[in-house]
file target-v3.txt (compact mmCIF, C-alpha atoms (C1' of nucleotides))
# COMPACT_ATOMS: atom_id res chain seq x y z
CA MET A 1 40.47 -21.69 -37.87
CA SER A 2 37.23 -21.37 -39.78
CA ASP A 3 37.45 -19.62 -43.11
CA VAL A 4 33.93 -18.46 -43.77
CA LYS A 5 33.96 -16.36 -46.92
CA GLY A 6 32.42 -12.91 -46.92
CA ALA A 7 32.01 -12.76 -43.17
CA ALA A 8 33.98 -10.13 -41.26
CA THR A 9 37.02 -11.37 -39.42
CA PRO A 10 36.57 -11.50 -35.66
CA GLY A 11 39.19 -8.75 -35.47
CA ALA A 12 37.12 -5.87 -36.71
CA ALA A 13 34.03 -6.82 -34.77
CA ALA A 14 36.15 -7.16 -31.65
CA LEU A 15 37.78 -3.78 -32.19
CA ARG A 16 34.48 -2.04 -32.84
CA ALA A 17 33.10 -3.50 -29.62
CA THR A 18 35.76 -1.92 -27.40
CA LEU A 19 35.29 1.13 -25.22
CA VAL A 20 38.44 2.80 -26.50
CA PHE A 21 37.36 2.51 -30.12
CA ASN A 22 33.91 3.93 -29.49
CA LEU A 23 35.11 6.57 -27.06
CA GLY A 24 37.83 7.60 -29.49
CA THR A 25 35.64 7.97 -32.55
CA LEU A 26 32.69 9.53 -30.74
CA GLY A 27 35.02 11.80 -28.78
CA ALA A 28 36.57 13.12 -31.98
CA LEU A 29 33.10 13.70 -33.43
CA ALA A 30 31.86 15.43 -30.28
CA THR A 31 34.94 17.65 -30.13
CA ASP A 32 34.49 18.68 -33.77
CA ARG A 33 30.86 19.60 -33.18
CA PHE A 34 31.72 21.56 -30.05
CA ALA A 35 34.62 23.32 -31.77
CA ALA A 36 32.32 24.48 -34.55
CA ARG A 37 30.01 26.06 -32.00
CA VAL A 38 32.60 27.92 -29.92
CA GLU A 39 34.56 29.14 -32.92
CA ALA A 40 32.42 32.29 -33.08
CA LEU A 41 33.54 33.10 -29.52
CA GLY A 42 37.16 33.04 -30.62
CA LEU A 43 37.74 29.84 -28.66
CA LYS A 44 38.93 26.30 -29.27
CA PRO A 45 37.99 23.33 -27.10
CA LYS A 46 41.27 23.58 -25.18
CA HIS A 47 40.42 27.16 -24.20
CA ALA A 48 37.10 25.97 -22.84
CA GLY A 49 38.92 23.25 -20.92
CA LEU A 50 41.25 25.79 -19.39
CA LEU A 51 38.38 28.10 -18.42
CA ALA A 52 36.54 25.19 -16.83
CA ALA A 53 39.64 24.08 -14.93
CA LEU A 54 40.19 27.63 -13.69
CA ASP A 55 36.62 27.99 -12.57
CA ALA A 56 36.65 24.67 -10.77
CA GLU A 57 39.65 25.62 -8.65
CA SER A 58 39.57 29.38 -8.96
CA ALA A 59 43.10 30.70 -9.40
CA ALA A 60 45.95 28.37 -10.14
CA SER A 61 49.54 28.61 -11.24
CA GLN A 62 50.31 27.75 -14.84
CA GLN A 63 52.30 24.68 -13.83
CA GLU A 64 49.37 23.34 -11.82
CA LEU A 65 47.10 23.87 -14.79
CA ALA A 66 49.55 22.16 -17.14
CA THR A 67 49.60 18.97 -15.09
CA ARG A 68 45.85 19.16 -14.43
CA LEU A 69 45.09 19.37 -18.14
CA GLY A 70 47.79 16.92 -19.12
CA VAL A 71 49.61 19.32 -21.43
CA VAL A 72 53.03 20.89 -21.46
CA PRO A 73 53.52 24.23 -19.62
CA SER A 74 54.40 26.11 -22.80
CA LEU A 75 50.96 25.33 -24.18
CA ILE A 76 49.34 26.92 -21.14
CA VAL A 77 51.34 30.05 -21.90
CA SER A 78 49.83 30.46 -25.35
CA LEU A 79 46.32 29.47 -24.32
CA ALA A 80 46.48 31.95 -21.44
CA ASP A 81 47.91 34.63 -23.75
CA GLN A 82 44.92 34.25 -26.03
CA LEU A 83 42.41 34.19 -23.18
CA GLN A 84 44.04 37.24 -21.67
CA ALA A 85 43.75 39.05 -25.00
CA LEU A 86 40.03 38.26 -24.93
CA GLY A 87 39.82 39.68 -21.41
CA ALA A 88 38.81 36.29 -20.02
CA VAL A 89 41.63 35.76 -17.56
CA GLU A 90 43.98 37.88 -15.47
CA ARG A 91 47.61 37.08 -14.71
CA VAL A 92 48.78 38.16 -11.26
CA ARG A 93 52.24 37.57 -9.83
CA ASP A 94 52.04 35.60 -6.61
CA PRO A 95 53.56 37.95 -4.00
CA GLU A 96 54.74 34.96 -1.97
CA ASP A 97 56.66 33.48 -4.89
CA ARG A 98 57.21 35.98 -7.63
CA ARG A 99 58.05 33.27 -10.17
CA ARG A 100 54.42 32.19 -10.18
CA GLN A 101 51.76 33.65 -12.43
CA VAL A 102 48.39 33.09 -10.83
CA LEU A 103 45.56 32.91 -13.33
CA THR A 104 42.05 33.96 -12.41
CA LEU A 105 38.81 34.19 -14.33
CA THR A 106 37.40 37.63 -15.00
CA ALA A 107 33.70 38.44 -15.27
CA GLU A 108 34.14 38.20 -19.03
CA GLY A 109 35.78 34.81 -18.57
CA ARG A 110 32.78 33.59 -16.63
CA ARG A 111 30.50 34.94 -19.31
CA LEU A 112 32.47 33.09 -22.00
CA LEU A 113 32.44 29.92 -19.92
CA ALA A 114 28.65 30.11 -19.66
CA ARG A 115 28.50 30.51 -23.44
CA CYS A 116 30.68 27.44 -23.82
CA ALA A 117 28.30 25.50 -21.61
CA GLU A 118 25.40 26.59 -23.82
CA ALA A 119 27.34 25.53 -26.91
CA ALA A 120 28.07 22.15 -25.37
CA GLU A 121 24.43 21.65 -24.46
CA ALA A 122 23.37 22.49 -27.99
CA ALA A 123 25.94 20.04 -29.37
CA ASP A 124 24.66 17.44 -26.91
CA ALA A 125 21.14 17.85 -28.18
CA GLU A 126 22.32 17.38 -31.75
CA LEU A 127 24.52 14.40 -30.94
CA ALA A 128 21.99 12.57 -28.80
CA ALA A 129 18.96 13.38 -30.93
CA GLY A 130 18.43 9.71 -31.74
CA LEU A 131 18.57 8.55 -28.12
CA THR A 132 15.74 8.22 -25.65
CA ALA A 133 15.85 10.41 -22.56
CA ALA A 134 16.60 7.33 -20.49
CA GLN A 135 19.51 6.33 -22.72
CA ARG A 136 20.91 9.80 -22.60
CA THR A 137 20.69 9.96 -18.82
CA ALA A 138 22.32 6.56 -18.49
CA LEU A 139 25.13 7.54 -20.84
CA GLY A 140 25.83 10.73 -18.92
CA ARG A 141 25.90 8.82 -15.67
CA GLU A 142 28.28 6.15 -16.96
CA LEU A 143 30.62 8.68 -18.52
CA ARG A 144 30.87 10.58 -15.26
CA ALA A 145 31.59 7.31 -13.48
CA LEU A 146 34.35 6.51 -15.95
CA ARG A 147 35.78 9.97 -15.55
CA ALA A 148 35.72 9.67 -11.78
CA ALA A 149 37.49 6.32 -12.05
CA GLN A 150 40.54 7.89 -13.72
CA THR A 151 43.48 9.16 -11.70
CA PRO A 152 41.50 11.07 -9.04
CA ASP A 153 42.43 14.51 -10.31
CA GLY A 154 42.73 13.34 -13.92
CA ARG A 155 42.40 15.66 -16.83
CA MET B 1 21.84 36.37 -9.82
CA SER B 2 23.32 34.92 -6.65
CA ASP B 3 26.92 35.76 -5.90
CA VAL B 4 28.02 33.04 -3.54
CA LYS B 5 31.73 33.43 -2.95
CA GLY B 6 34.08 30.51 -3.40
CA ALA B 7 31.51 28.37 -5.16
CA ALA B 8 32.09 27.44 -8.78
CA THR B 9 30.16 29.44 -11.33
CA PRO B 10 27.28 27.51 -12.85
CA GLY B 11 29.21 27.65 -16.12
CA ALA B 12 31.94 25.17 -15.32
CA ALA B 13 29.64 22.71 -13.61
CA ALA B 14 27.27 22.90 -16.57
CA LEU B 15 30.09 22.36 -19.06
CA ARG B 16 31.51 19.40 -17.15
CA ALA B 17 28.08 17.81 -17.07
CA THR B 18 27.71 17.71 -20.86
CA LEU B 19 28.16 14.66 -23.02
CA VAL B 20 30.47 16.45 -25.45
CA PHE B 21 32.83 17.55 -22.71
CA ASN B 22 33.09 14.10 -21.18
CA LEU B 23 33.20 12.31 -24.51
CA GLY B 24 35.86 14.70 -25.74
CA THR B 25 38.19 14.42 -22.78
CA LEU B 26 37.73 10.69 -22.27
CA GLY B 27 38.01 10.09 -25.99
CA ALA B 28 41.36 11.87 -26.13
CA LEU B 29 42.57 9.87 -23.15
CA ALA B 30 41.36 6.59 -24.63
CA THR B 31 42.98 7.34 -27.98
CA ASP B 32 46.30 8.14 -26.31
CA ARG B 33 46.24 4.89 -24.38
CA PHE B 34 45.36 2.90 -27.49
CA ALA B 35 48.02 4.67 -29.55
CA ALA B 36 50.67 3.75 -27.00
CA ARG B 37 49.73 0.08 -27.31
CA VAL B 38 49.68 -0.17 -31.12
CA GLU B 39 52.81 1.87 -31.60
CA ALA B 40 54.95 -1.29 -31.41
CA LEU B 41 52.98 -2.67 -34.39
CA GLY B 42 53.99 0.36 -36.45
CA LEU B 43 50.41 1.64 -36.40
CA LYS B 44 48.55 4.75 -35.32
CA PRO B 45 44.86 4.79 -34.36
CA LYS B 46 43.87 5.97 -37.85
CA HIS B 47 45.54 2.91 -39.37
CA ALA B 48 43.50 0.69 -37.09
CA GLY B 49 40.38 2.56 -38.13
CA LEU B 50 41.16 1.98 -41.78
CA LEU B 51 41.84 -1.72 -41.23
CA ALA B 52 38.55 -2.06 -39.36
CA ALA B 53 36.64 -0.23 -42.08
CA LEU B 54 38.21 -2.44 -44.73
CA ASP B 55 37.39 -5.59 -42.85
CA ALA B 56 33.81 -4.51 -42.28
CA GLU B 57 33.14 -4.02 -45.98
CA SER B 58 35.96 -6.06 -47.45
CA ALA B 59 37.43 -4.22 -50.42
CA ALA B 60 36.59 -0.63 -51.11
CA SER B 61 37.81 2.18 -53.29
CA GLN B 62 39.87 4.86 -51.62
CA GLN B 63 37.19 7.48 -52.19
CA GLU B 64 34.60 5.34 -50.47
CA LEU B 65 36.93 4.89 -47.53
CA ALA B 66 37.64 8.61 -47.35
CA THR B 67 33.99 9.49 -46.98
CA ARG B 68 33.35 6.55 -44.66
CA LEU B 69 36.13 7.65 -42.30
CA GLY B 70 35.35 11.34 -42.68
CA VAL B 71 38.79 12.28 -43.95
CA VAL B 72 40.15 13.72 -47.14
CA PRO B 73 41.17 11.30 -49.95
CA SER B 74 44.82 12.32 -49.83
CA LEU B 75 45.01 11.08 -46.25
CA ILE B 76 43.79 7.65 -47.33
CA VAL B 77 46.64 7.58 -49.83
CA SER B 78 49.31 7.96 -47.17
CA LEU B 79 47.62 5.65 -44.67
CA ALA B 80 47.25 3.01 -47.40
CA ASP B 81 50.86 3.54 -48.50
CA GLN B 82 52.04 2.79 -44.98
CA LEU B 83 49.74 -0.22 -44.56
CA GLN B 84 50.87 -1.54 -47.92
CA ALA B 85 54.51 -1.19 -46.85
CA LEU B 86 53.64 -3.31 -43.81
CA GLY B 87 52.04 -5.91 -46.07
CA ALA B 88 48.64 -5.33 -44.48
CA VAL B 89 46.71 -4.26 -47.57
CA GLU B 90 46.80 -4.85 -51.29
CA ARG B 91 45.99 -2.31 -53.97
CA VAL B 92 44.32 -3.74 -57.06
CA ARG B 93 43.16 -1.72 -60.07
CA ASP B 94 39.47 -2.22 -60.66
CA PRO B 95 39.33 -3.73 -64.17
CA GLU B 96 35.91 -2.17 -64.76
CA ASP B 97 37.19 1.33 -64.01
CA ARG B 98 40.92 1.53 -64.11
CA ARG B 99 40.97 4.82 -62.20
CA ARG B 100 39.91 3.00 -59.05
CA GLN B 101 42.30 1.39 -56.60
CA VAL B 102 40.49 -1.32 -54.69
CA LEU B 103 41.96 -1.98 -51.26
CA THR B 104 41.75 -5.38 -49.64
CA LEU B 105 43.08 -6.80 -46.40
CA THR B 106 45.83 -9.40 -46.60
CA ALA B 107 46.30 -12.24 -44.13
CA GLU B 108 48.90 -10.04 -42.45
CA GLY B 109 46.35 -7.22 -42.32
CA ARG B 110 43.89 -9.48 -40.55
CA ARG B 111 46.60 -10.52 -38.14
CA LEU B 112 47.43 -6.89 -37.38
CA LEU B 113 43.76 -6.08 -36.94
CA ALA B 114 43.43 -8.89 -34.41
CA ARG B 115 46.45 -7.45 -32.58
CA CYS B 116 44.77 -4.05 -32.57
CA ALA B 117 41.67 -5.59 -31.03
CA GLU B 118 43.82 -7.15 -28.31
CA ALA B 119 45.48 -3.80 -27.68
CA ALA B 120 42.10 -2.09 -27.43
CA GLU B 121 40.84 -4.71 -25.00
CA ALA B 122 43.91 -4.27 -22.84
CA ALA B 123 43.42 -0.49 -22.89
CA ASP B 124 39.77 -1.02 -21.99
CA ALA B 125 40.73 -3.06 -18.96
CA GLU B 126 43.09 -0.33 -17.82
CA LEU B 127 40.62 2.49 -18.47
CA ALA B 128 37.64 0.81 -16.84
CA ALA B 129 39.52 -0.74 -13.93
CA GLY B 130 37.57 1.35 -11.44
CA LEU B 131 34.16 0.43 -12.83
CA THR B 132 31.94 -2.45 -11.85
CA ALA B 133 31.19 -5.06 -14.50
CA ALA B 134 27.63 -3.76 -14.67
CA GLN B 135 28.77 -0.17 -15.20
CA ARG B 136 31.16 -1.24 -17.89
CA THR B 137 28.50 -3.25 -19.71
CA ALA B 138 26.06 -0.37 -19.50
CA LEU B 139 28.63 2.08 -20.81
CA GLY B 140 29.45 -0.15 -23.75
CA ARG B 141 25.79 -0.52 -24.58
CA GLU B 142 25.07 3.22 -24.41
CA LEU B 143 28.11 4.09 -26.51
CA ARG B 144 27.03 1.66 -29.22
CA ALA B 145 23.55 3.19 -29.12
CA LEU B 146 25.00 6.68 -29.52
CA ARG B 147 27.18 5.50 -32.37
CA ALA B 148 24.22 3.89 -34.08
CA ALA B 149 22.26 7.12 -33.68
CA GLN B 150 24.74 9.08 -35.79
CA THR B 151 24.29 9.47 -39.54
CA PRO B 152 23.58 5.80 -40.36
CA ASP B 153 26.90 5.18 -42.06
CA GLY B 154 28.76 7.68 -39.87
CA ARG B 155 32.41 7.37 -39.15
C1' DT C 1 71.27 24.81 -8.05
C1' DA C 2 66.22 24.18 -8.78
C1' DT C 3 61.84 25.97 -10.38
C1' DT C 4 58.32 29.02 -12.98
C1' DG C 5 57.30 30.90 -16.88
C1' DT C 6 58.59 32.29 -21.58
C1' DT C 7 60.48 32.08 -26.24
C1' DA C 8 62.37 29.72 -30.23
C1' DT C 9 62.17 25.89 -32.83
C1' DA C 10 60.73 21.63 -34.77
C1' DC C 11 57.69 17.93 -35.49
C1' DT C 12 53.18 15.55 -36.41
C1' DC C 13 48.90 15.51 -38.39
C1' DT C 14 45.82 16.76 -41.73
C1' DA C 15 43.89 19.70 -45.28
C1' DT C 16 44.03 22.33 -49.84
C1' DA C 17 45.51 22.68 -54.34
C1' DA C 18 47.83 21.29 -58.42
C1' DC C 19 48.67 17.38 -61.37
C1' DT C 20 48.15 12.59 -63.90
C1' DA C 21 45.48 8.91 -65.68
C1' DT C 22 41.39 7.26 -66.96
C1' DA C 23 36.50 7.79 -68.13
C1' DT D 1 34.72 17.68 -69.16
C1' DA D 2 34.52 14.94 -64.91
C1' DT D 3 36.42 11.64 -61.61
C1' DA D 4 39.98 8.53 -58.86
C1' DG D 5 44.12 8.82 -57.20
C1' DT D 6 48.52 11.04 -56.30
C1' DT D 7 51.93 14.57 -55.15
C1' DA D 8 53.33 19.07 -53.41
C1' DT D 9 52.60 22.40 -50.27
C1' DA D 10 50.87 24.73 -46.33
C1' DG D 11 48.57 25.31 -41.94
C1' DA D 12 47.11 24.06 -37.21
C1' DG D 13 48.34 22.19 -33.03
C1' DT D 14 51.50 20.70 -29.80
C1' DA D 15 55.92 19.23 -28.00
C1' DT D 16 61.06 19.86 -26.95
C1' DA D 17 64.74 22.61 -25.81
C1' DA D 18 67.05 26.82 -24.67
C1' DC D 19 66.55 30.91 -21.89
C1' DA D 20 65.34 34.53 -18.07
C1' DA D 21 63.84 35.61 -13.58
C1' DT D 22 63.25 34.23 -9.03
C1' DA D 23 63.85 31.07 -5.21

call {"tool": "encode", "arguments": {"input": "target-v3.txt", "output": "structure tokens"}}
result
Amino acid sequence: MSDVKGAATPGAAALRATLVFNLGTLGALATDRFAARVEALGLKPKHAGLLAALDAESAASQQELATRLGVVPSLIVSLADQLQALGAVERVRDPEDRRRQVLTLTAEGRRLLARCAEAAEAADAELAAGLTAAQRTALGRELRALRAAQTPDGR
Amino acid sequence: MSDVKGAATPGAAALRATLVFNLGTLGALATDRFAARVEALGLKPKHAGLLAALDAESAASQQELATRLGVVPSLIVSLADQLQALGAVERVRDPEDRRRQVLTLTAEGRRLLARCAEAAEAADAELAAGLTAAQRTALGRELRALRAAQTPDGR
DNA sequence: TATTGTTATACTCTATAACTATA
DNA sequence: TATAGTTATAGAGTATAACAATA
């Protein structure tokens, strides 16, 4: 109703105040920074996500992984192809159901995963350089809480 | 050094504990949820970002907007084309430098921006449904702090 | 007939490069 | 010659759909 000139409309301020807006923009920034650091390993963020998912549940069928990561099965095929070419994962036919390809991390895969963790920690340090230790701890805690609040086994 | 069987390697736990990993995955999720809600308005998240940037600084050249949003100028052209077709922005030649196209929000643009804010708030409610009010407030505060800590005029 | 994985294909998003007009 | 914007083109990433092998 008011028509104050020069002041921002409530709309933009309201949008900028939302979680989704801030999570979206900061998430894109964080992913870019992380991607730049794992590029030298021959990996993209999605590869790191797949390695982490594999390590968390050690050995899983490609279909399981597809739903766990929230992507389509054909994408798992190409990610796994690339990781296999790097020697990071092994594909083994499940003897109990020969349609299934069971993926497992190799020693090299675990080594790469550890490198990814280092890269993420370095990106964290860069991203949170302007925050106090207390702020950073609080942020980490709240993000984990939000993550836990998503569909229990969410991506 | 230890080789506990069945336990996750330190790598995955370490990666999952980082800010970039959690920001990246939650950011992608948040953006998807937001995108689903603004789709009916004929908008994608990037359009909402451009509207918000325009509202915050009311009228800007396309080059300014490109650097502010961290995208290439040619992307601003197509986003602005689409917003103009929706009647959300106006392009006016700067009389002092006729190479410049100054973009401004129209009344319809402000209306759409307000709708985007509503969509984001609805997505927030869905995303943070499992959090306490205190957790949600804390998360919002920490995210704004992190955002403020990026390159002062960061995207 | 249903399911797992694979391949072939197409679509979306965004960037790079070439071009136009103004300065 | 340099800059703002535009257009043309190409690449990355991911999805959809058709297919093969196994259940």

call {"tool": "atom_distance", "arguments": {"input": "target-v3.txt", "atom1": "atom CA of Ala120 of chain A", "atom2": "atom CA of Ala36 of chain A"}}
result
10.4 Å

call {"tool": "atom_distance", "arguments": {"input": "target-v3.txt", "atom1": "atom CA of Thr31 of chain A", "atom2": "atom CA of Glu90 of chain A"}}
result
26.6 Å

call {"tool": "closest_residue", "arguments": {"input": "target-v3.txt", "among": "A:Ala85, A:Ala53, A:Ala48, A:Val102", "to": "chain C", "atoms": "only C-alpha atoms (C1' of nucleotides)"}}
result
A:Val102

call {"tool": "residues_around", "arguments": {"input": "target-v3.txt", "residues": "Gln82 of chain B", "least_positions_apart": "6", "cutoff": "10 Å", "atoms": "all atoms listed in the file", "output": "ChimeraX atom specification"}}
result
/B:42-43,47,76,88-89

call {"tool": "residues_around", "arguments": {"input": "target-v3.txt", "residues": "segment 124-135 of chain A", "least_positions_apart": "4", "cutoff": "7 Å", "atoms": "only C-alpha atoms (C1' of nucleotides)", "output": "mmCIF file with C-alpha atoms, in the coordinates of the input"}}
result
data_model
loop_
_atom_site.group_PDB
_atom_site.id
_atom_site.type_symbol
_atom_site.label_atom_id
_atom_site.label_comp_id
_atom_site.auth_asym_id
_atom_site.auth_seq_id
_atom_site.Cartn_x
_atom_site.Cartn_y
_atom_site.Cartn_z
ATOM 1 C CA ALA A 120 28.070 22.150 -25.370
ATOM 2 C CA LEU A 139 25.130 7.540 -20.840
ATOM 3 C CA THR B 18 27.710 17.710 -20.860
ATOM 4 C CA LEU B 19 28.160 14.660 -23.020
ATOM 5 C CA VAL B 20 30.470 16.450 -25.450
ATOM 6 C CA GLU B 142 25.070 3.220 -24.410
ATOM 7 C CA LEU B 146 25.000 6.680 -29.520
ATOM 8 C CA ALA B 149 22.260 7.120 -33.680
#

call {"tool": "calpha_fit_and_write", "arguments": {"input": "target-v3.txt", "fixed": "chain A", "moving": "chain B", "output": "compact mmCIF listing (two decimals) with C-alpha atoms, in the frame of the given file"}}
result
# COMPACT_ATOMS: atom_id res chain seq x y z
CA MET B 1 40.02 -21.61 -37.49
CA SER B 2 36.83 -21.24 -39.49
CA ASP B 3 37.11 -19.60 -42.88
CA VAL B 4 33.62 -18.40 -43.60
CA LYS B 5 33.71 -16.36 -46.78
CA GLY B 6 32.22 -12.89 -46.90
CA ALA B 7 31.86 -12.63 -43.14
CA ALA B 8 33.91 -10.04 -41.30
CA THR B 9 36.99 -11.31 -39.54
CA PRO B 10 36.58 -11.48 -35.78
CA GLY B 11 39.20 -8.73 -35.59
CA ALA B 12 37.12 -5.84 -36.83
CA ALA B 13 34.03 -6.81 -34.88
CA ALA B 14 36.15 -7.17 -31.75
CA LEU B 15 37.80 -3.79 -32.28
CA ARG B 16 34.49 -2.02 -32.90
CA ALA B 17 33.10 -3.51 -29.71
CA THR B 18 35.77 -1.95 -27.48
CA LEU B 19 35.30 1.07 -25.30
CA VAL B 20 38.45 2.76 -26.58
CA PHE B 21 37.37 2.49 -30.19
CA ASN B 22 33.93 3.91 -29.55
CA LEU B 23 35.14 6.54 -27.11
CA GLY B 24 37.86 7.57 -29.53
CA THR B 25 35.67 7.96 -32.59
CA LEU B 26 32.73 9.51 -30.78
CA GLY B 27 35.05 11.76 -28.82
CA ALA B 28 36.60 13.11 -32.01
CA LEU B 29 33.15 13.69 -33.47
CA ALA B 30 31.91 15.40 -30.31
CA THR B 31 34.98 17.63 -30.14
CA ASP B 32 34.54 18.68 -33.77
CA ARG B 33 30.92 19.58 -33.19
CA PHE B 34 31.77 21.54 -30.05
CA ALA B 35 34.66 23.31 -31.77
CA ALA B 36 32.36 24.47 -34.55
CA ARG B 37 30.02 26.04 -32.00
CA VAL B 38 32.63 27.91 -29.92
CA GLU B 39 34.59 29.12 -32.90
CA ALA B 40 32.45 32.28 -33.08
CA LEU B 41 33.54 33.09 -29.50
CA GLY B 42 37.18 33.02 -30.61
CA LEU B 43 37.76 29.82 -28.63
CA LYS B 44 38.96 26.29 -29.27
CA PRO B 45 38.02 23.31 -27.09
CA LYS B 46 41.30 23.57 -25.16
CA HIS B 47 40.44 27.15 -24.18
CA ALA B 48 37.12 25.95 -22.82
CA GLY B 49 38.94 23.24 -20.90
CA LEU B 50 41.26 25.79 -19.35
CA LEU B 51 38.38 28.09 -18.40
CA ALA B 52 36.55 25.17 -16.79
CA ALA B 53 39.65 24.09 -14.88
CA LEU B 54 40.18 27.63 -13.65
CA ASP B 55 36.61 27.98 -12.54
CA ALA B 56 36.68 24.66 -10.73
CA GLU B 57 39.66 25.64 -8.60
CA SER B 58 39.54 29.40 -8.96
CA ALA B 59 43.06 30.73 -9.38
CA ALA B 60 45.95 28.45 -10.09
CA SER B 61 49.54 28.70 -11.18
CA GLN B 62 50.30 27.82 -14.77
CA GLN B 63 52.31 24.77 -13.76
CA GLU B 64 49.41 23.42 -11.75
CA LEU B 65 47.13 23.91 -14.72
CA ALA B 66 49.58 22.21 -17.06
CA THR B 67 49.65 19.04 -15.00
CA ARG B 68 45.91 19.20 -14.34
CA LEU B 69 45.14 19.39 -18.07
CA GLY B 70 47.87 16.94 -19.03
CA VAL B 71 49.68 19.35 -21.32
CA VAL B 72 53.09 20.94 -21.37
CA PRO B 73 53.56 24.30 -19.56
CA SER B 74 54.42 26.17 -22.75
CA LEU B 75 50.98 25.34 -24.12
CA ILE B 76 49.35 26.95 -21.09
CA VAL B 77 51.32 30.09 -21.86
CA SER B 78 49.83 30.47 -25.32
CA LEU B 79 46.32 29.47 -24.28
CA ALA B 80 46.48 31.97 -21.41
CA ASP B 81 47.90 34.64 -23.72
CA GLN B 82 44.91 34.25 -26.01
CA LEU B 83 42.39 34.18 -23.15
CA GLN B 84 44.02 37.25 -21.65
CA ALA B 85 43.74 39.05 -25.00
CA LEU B 86 40.02 38.25 -24.92
CA GLY B 87 39.78 39.67 -21.40
CA ALA B 88 38.77 36.28 -20.01
CA VAL B 89 41.62 35.78 -17.54
CA GLU B 90 43.93 37.90 -15.45
CA ARG B 91 47.56 37.14 -14.69
CA VAL B 92 48.72 38.24 -11.25
CA ARG B 93 52.20 37.69 -9.82
CA ASP B 94 52.03 35.72 -6.61
CA PRO B 95 53.55 38.10 -4.03
CA GLU B 96 54.80 35.16 -1.98
CA ASP B 97 56.73 33.71 -4.92
CA ARG B 98 57.20 36.19 -7.67
CA ARG B 99 58.06 33.48 -10.20
CA ARG B 100 54.45 32.33 -10.18
CA GLN B 101 51.73 33.75 -12.40
CA VAL B 102 48.37 33.16 -10.79
CA LEU B 103 45.52 32.95 -13.29
CA THR B 104 42.01 33.98 -12.37
CA LEU B 105 38.78 34.20 -14.32
CA THR B 106 37.35 37.64 -15.00
CA ALA B 107 33.65 38.42 -15.27
CA GLU B 108 34.10 38.18 -19.03
CA GLY B 109 35.75 34.79 -18.56
CA ARG B 110 32.75 33.56 -16.62
CA ARG B 111 30.47 34.89 -19.32
CA LEU B 112 32.45 33.06 -22.00
CA LEU B 113 32.42 29.89 -19.93
CA ALA B 114 28.64 30.08 -19.66
CA ARG B 115 28.50 30.49 -23.45
CA CYS B 116 30.69 27.41 -23.82
CA ALA B 117 28.30 25.45 -21.63
CA GLU B 118 25.41 26.55 -23.84
CA ALA B 119 27.35 25.50 -26.92
CA ALA B 120 28.09 22.11 -25.39
CA GLU B 121 24.45 21.60 -24.49
CA ALA B 122 23.39 22.46 -28.01
CA ALA B 123 25.97 20.01 -29.39
CA ASP B 124 24.69 17.40 -26.95
CA ALA B 125 21.16 17.81 -28.23
CA GLU B 126 22.36 17.35 -31.79
CA LEU B 127 24.58 14.37 -30.98
CA ALA B 128 22.04 12.53 -28.86
CA ALA B 129 18.99 13.35 -30.97
CA GLY B 130 18.46 9.68 -31.79
CA LEU B 131 18.61 8.51 -28.18
CA THR B 132 15.77 8.17 -25.73
CA ALA B 133 15.87 10.36 -22.63
CA ALA B 134 16.63 7.27 -20.56
CA GLN B 135 19.54 6.26 -22.79
CA ARG B 136 20.94 9.74 -22.67
CA THR B 137 20.71 9.90 -18.88
CA ALA B 138 22.35 6.51 -18.55
CA LEU B 139 25.15 7.48 -20.90
CA GLY B 140 25.84 10.66 -18.97
CA ARG B 141 25.93 8.75 -15.72
CA GLU B 142 28.30 6.07 -17.02
CA LEU B 143 30.64 8.62 -18.57
CA ARG B 144 30.88 10.51 -15.29
CA ALA B 145 31.61 7.22 -13.52
CA LEU B 146 34.38 6.42 -16.00
CA ARG B 147 35.80 9.90 -15.59
CA ALA B 148 35.74 9.57 -11.83
CA ALA B 149 37.51 6.22 -12.11
CA GLN B 150 40.56 7.79 -13.75
CA THR B 151 43.53 8.99 -11.71
CA PRO B 152 41.58 10.96 -9.07
CA ASP B 153 42.63 14.36 -10.34
CA GLY B 154 42.87 13.21 -13.96
CA ARG B 155 42.39 15.55 -16.83

call {"tool": "closest_atom_pairs", "arguments": {"input": "target-v3.txt", "of": "chain D", "to": "segment 4-9 of chain C", "cutoff": "8 Å", "atoms": "only C-alpha atoms (C1' of nucleotides)", "output": "Markdown table"}}
result
| residue | atom | partner | partner_atom | distance |
| --- | --- | --- | --- | --- |
| D:DA18 | C1' | C:DA8 | C1' | 7.8 |
| D:DC19 | C1' | C:DT7 | C1' | 7.6 |
| D:DA20 | C1' | C:DT6 | C1' | 7.9 |

call {"tool": "interface_residues", "arguments": {"input": "target-v3.txt", "of": "chain B", "to": "chain C", "cutoff": "9 Å", "atoms": "all atoms listed in the file", "output": "list in words"}}
result
Val71, Val72, Ser74, Leu75, Asp97, Arg98 and Arg99 of chain B

call {"tool": "interface_residues", "arguments": {"input": "target-v3.txt", "of": "chain B", "to": "chain D", "cutoff": "9 Å", "atoms": "only C-alpha atoms (C1' of nucleotides)", "output": "mmCIF file with C-alpha atoms, keeping the file's coordinate frame"}}
result
data_model
loop_
_atom_site.group_PDB
_atom_site.id
_atom_site.type_symbol
_atom_site.label_atom_id
_atom_site.label_comp_id
_atom_site.auth_asym_id
_atom_site.auth_seq_id
_atom_site.Cartn_x
_atom_site.Cartn_y
_atom_site.Cartn_z
ATOM 1 C CA SER B 61 37.810 2.180 -53.290
ATOM 2 C CA GLN B 62 39.870 4.860 -51.620
ATOM 3 C CA GLN B 63 37.190 7.480 -52.190
ATOM 4 C CA PRO B 73 41.170 11.300 -49.950
ATOM 5 C CA SER B 74 44.820 12.320 -49.830
ATOM 6 C CA VAL B 77 46.640 7.580 -49.830
ATOM 7 C CA ARG B 98 40.920 1.530 -64.110
ATOM 8 C CA ARG B 99 40.970 4.820 -62.200
ATOM 9 C CA ARG B 100 39.910 3.000 -59.050
ATOM 10 C CA GLN B 101 42.300 1.390 -56.600
#
